[in-house]
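So the structure is just underneath, and the comments pick up after that.
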Amino acid sequence: MKIGIGNDHSALELKAEIVGLLQKKGYEVIDYGTNSAVSCDYPTYGKAVGEAVASGEITQGILICGTGLGISLAANKVKGVRAAVCSEPYTAKMARAHNDCNILAFGARVVGAEMAKMIVETWLNTKFEGGRHQKRVDMIMEGEQ
Ligand code: RB5
């Protein structure tokens, strides 16, 4: 399973922790940057990971900026993307189970490394429940037409 990761300058250390976790768990990780501490524009990385999910290049994506907000907003502009900011595991679980989110976002200035790892593990280990939730996800995606 290929997981893409993207971030801005605020999240270099946290990204390294998350990439380490993913690799330890056996995931193939594609890093879409940034890998520089120089202040950069988070939409670049949100868009790159969003497009990679939409094209099928990666299965799921993880985005990290200061809050998780700007980078997820950018990703959500790509057709086919459902990105959610999750600051704790319960929301991460529901983002998969009910909303079939294909991108997880969180803030490097909001969550610590251990909380972020729990969020990532919960999100990756939860399957979409389908059923009545499929209709609702379809209704969300109709908004793209
Ligand atoms: C960068 O300072 C900050 O604005 C960015 O990381 C993010 O929090 C935006 O939503």
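Letters A, B, ... go to the chains of the structure tokens in the order shown; residues in each chain start at 1; ligands are counted from 1 in the same order.
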>> Quick one: residues within 8 Å of range 87-99 of chain A, only C-alpha atoms, excluding same-chain residues fewer than 3 positions away - as a PyMOL selection string?
In response: chain A and resi 82+84+102+104+106-107+110-111+115-116+118-120+122-123+126-130+133+137
Store the residues picked out above in a file with N, CA and C atoms, as a PDB file, in the first residue's frame.
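Once written, out27.pdb looks like this:
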ATOM      1  N   ARG A  82     -11.129  13.672  -0.555  1.00  0.00           N
ATOM      2  CA  ARG A  82     -11.838  13.955   0.686  1.00  0.00           C
ATOM      3  C   ARG A  82     -10.778  13.991   1.791  1.00  0.00           C
ATOM      4  N   ALA A  84      -9.546  15.360   5.571  1.00  0.00           N
ATOM      5  CA  ALA A  84     -10.106  15.793   6.858  1.00  0.00           C
ATOM      6  C   ALA A  84      -8.979  16.102   7.843  1.00  0.00           C
ATOM      7  N   ASN A 102      -9.841  10.070   1.977  1.00  0.00           N
ATOM      8  CA  ASN A 102      -8.642   9.485   1.368  1.00  0.00           C
ATOM      9  C   ASN A 102      -7.375  10.289   1.699  1.00  0.00           C
ATOM     10  N   LEU A 104      -5.635  12.291   5.184  1.00  0.00           N
ATOM     11  CA  LEU A 104      -5.643  12.688   6.597  1.00  0.00           C
ATOM     12  C   LEU A 104      -4.741  13.909   6.745  1.00  0.00           C
ATOM     13  N   PHE A 106      -3.276  16.928   9.680  1.00  0.00           N
ATOM     14  CA  PHE A 106      -3.212  17.400  11.067  1.00  0.00           C
ATOM     15  C   PHE A 106      -2.149  18.476  11.174  1.00  0.00           C
ATOM     16  N   GLY A 107      -2.126  19.137  12.326  1.00  0.00           N
ATOM     17  CA  GLY A 107      -1.263  20.285  12.513  1.00  0.00           C
ATOM     18  C   GLY A 107      -0.048  19.978  13.374  1.00  0.00           C
ATOM     19  N   VAL A 110      -0.249  21.682  16.526  1.00  0.00           N
ATOM     20  CA  VAL A 110      -1.451  21.349  17.295  1.00  0.00           C
ATOM     21  C   VAL A 110      -1.270  20.038  18.063  1.00  0.00           C
ATOM     22  N   VAL A 111      -0.776  19.018  17.370  1.00  0.00           N
ATOM     23  CA  VAL A 111      -0.632  17.703  18.010  1.00  0.00           C
ATOM     24  C   VAL A 111       0.845  17.358  18.190  1.00  0.00           C
ATOM     25  N   MET A 115       0.658  11.671  19.756  1.00  0.00           N
ATOM     26  CA  MET A 115      -0.758  11.794  19.363  1.00  0.00           C
ATOM     27  C   MET A 115      -0.885  11.644  17.847  1.00  0.00           C
ATOM     28  N   ALA A 116       0.009  12.266  17.100  1.00  0.00           N
ATOM     29  CA  ALA A 116      -0.036  12.178  15.638  1.00  0.00           C
ATOM     30  C   ALA A 116       0.106  10.719  15.190  1.00  0.00           C
ATOM     31  N   MET A 118      -0.775   8.032  16.854  1.00  0.00           N
ATOM     32  CA  MET A 118      -2.043   7.337  17.159  1.00  0.00           C
ATOM     33  C   MET A 118      -3.107   7.686  16.128  1.00  0.00           C
ATOM     34  N   ILE A 119      -3.148   8.949  15.739  1.00  0.00           N
ATOM     35  CA  ILE A 119      -4.110   9.406  14.726  1.00  0.00           C
ATOM     36  C   ILE A 119      -3.860   8.666  13.412  1.00  0.00           C
ATOM     37  N   VAL A 120      -2.609   8.613  12.999  1.00  0.00           N
ATOM     38  CA  VAL A 120      -2.247   7.966  11.727  1.00  0.00           C
ATOM     39  C   VAL A 120      -2.579   6.475  11.769  1.00  0.00           C
ATOM     40  N   THR A 122      -4.712   4.863  13.664  1.00  0.00           N
ATOM     41  CA  THR A 122      -6.166   4.662  13.724  1.00  0.00           C
ATOM     42  C   THR A 122      -6.777   4.853  12.345  1.00  0.00           C
ATOM     43  N   TRP A 123      -6.367   5.904  11.675  1.00  0.00           N
ATOM     44  CA  TRP A 123      -6.905   6.217  10.342  1.00  0.00           C
ATOM     45  C   TRP A 123      -6.581   5.109   9.340  1.00  0.00           C
ATOM     46  N   THR A 126      -8.602   1.745   9.912  1.00  0.00           N
ATOM     47  CA  THR A 126     -10.076   1.769   9.871  1.00  0.00           C
ATOM     48  C   THR A 126     -10.566   1.692   8.436  1.00  0.00           C
ATOM     49  N   LYS A 127     -11.555   0.822   8.219  1.00  0.00           N
ATOM     50  CA  LYS A 127     -12.136   0.675   6.872  1.00  0.00           C
ATOM     51  C   LYS A 127     -13.442   1.469   6.760  1.00  0.00           C
ATOM     52  N   PHE A 128     -13.736   1.904   5.557  1.00  0.00           N
ATOM     53  CA  PHE A 128     -15.012   2.567   5.276  1.00  0.00           C
ATOM     54  C   PHE A 128     -16.142   1.554   5.481  1.00  0.00           C
ATOM     55  N   GLU A 129     -17.184   1.973   6.188  1.00  0.00           N
ATOM     56  CA  GLU A 129     -18.287   1.065   6.500  1.00  0.00           C
ATOM     57  C   GLU A 129     -19.268   0.902   5.344  1.00  0.00           C
ATOM     58  N   GLY A 130     -19.265   1.819   4.391  1.00  0.00           N
ATOM     59  CA  GLY A 130     -20.201   1.721   3.267  1.00  0.00           C
ATOM     60  C   GLY A 130     -21.642   1.858   3.750  1.00  0.00           C
ATOM     61  N   HIS A 133     -23.638   5.123   4.648  1.00  0.00           N
ATOM     62  CA  HIS A 133     -22.620   6.178   4.534  1.00  0.00           C
ATOM     63  C   HIS A 133     -22.198   6.401   3.088  1.00  0.00           C
ATOM     64  N   VAL A 137     -21.631   9.974   1.203  1.00  0.00           N
ATOM     65  CA  VAL A 137     -20.373  10.344   0.548  1.00  0.00           C
ATOM     66  C   VAL A 137     -20.644  10.692  -0.917  1.00  0.00           C
TER      67      VAL A 137
END
> Which residues in chain A does DSSP call alpha helix (DSSP H)? List them as an MDAnalysis selection string.
Replying inline: chainID A and resid 12:24 42:55 69:75 89:97 113:125 132:142
>> Taking only C-alpha atoms into account, name the residue in A:Gln23, A:Gln60, A:Asn35, A:Ser55 that is nearest to Asn7 in chain A.
In response: A:Asn35
>> When you count only C-alpha atoms, which of these residues is closest to Met141 in chain A: A:Val81, A:Leu73, A:Leu21, A:Ile30?
In response: A:Val81
>> So the first atom is CA of Glu13 in chain A and the second is CA of Lys117 in chain A; what is the distance between them in Å, to one decimal place?
In response: 12.8 Å
>> How would you report the residues lying within 12 Å of ligand 1, as a PyMOL selection string, if you count only C-alpha atoms and all ligand atoms?
In response: chain A and resi 6-12+34+37-46+63-75+85+105-110
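Between CA of Gly4 in chain A and CA of Ile58 in chain A the interatomic distance comes to 6.0 Å.
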> Among chain A, which ones does DSSP place in strand (DSSP E), written as a PyMOL selection string?
Replying inline: chain A and resi 2-7+28-31+60-65+83-85+103-107
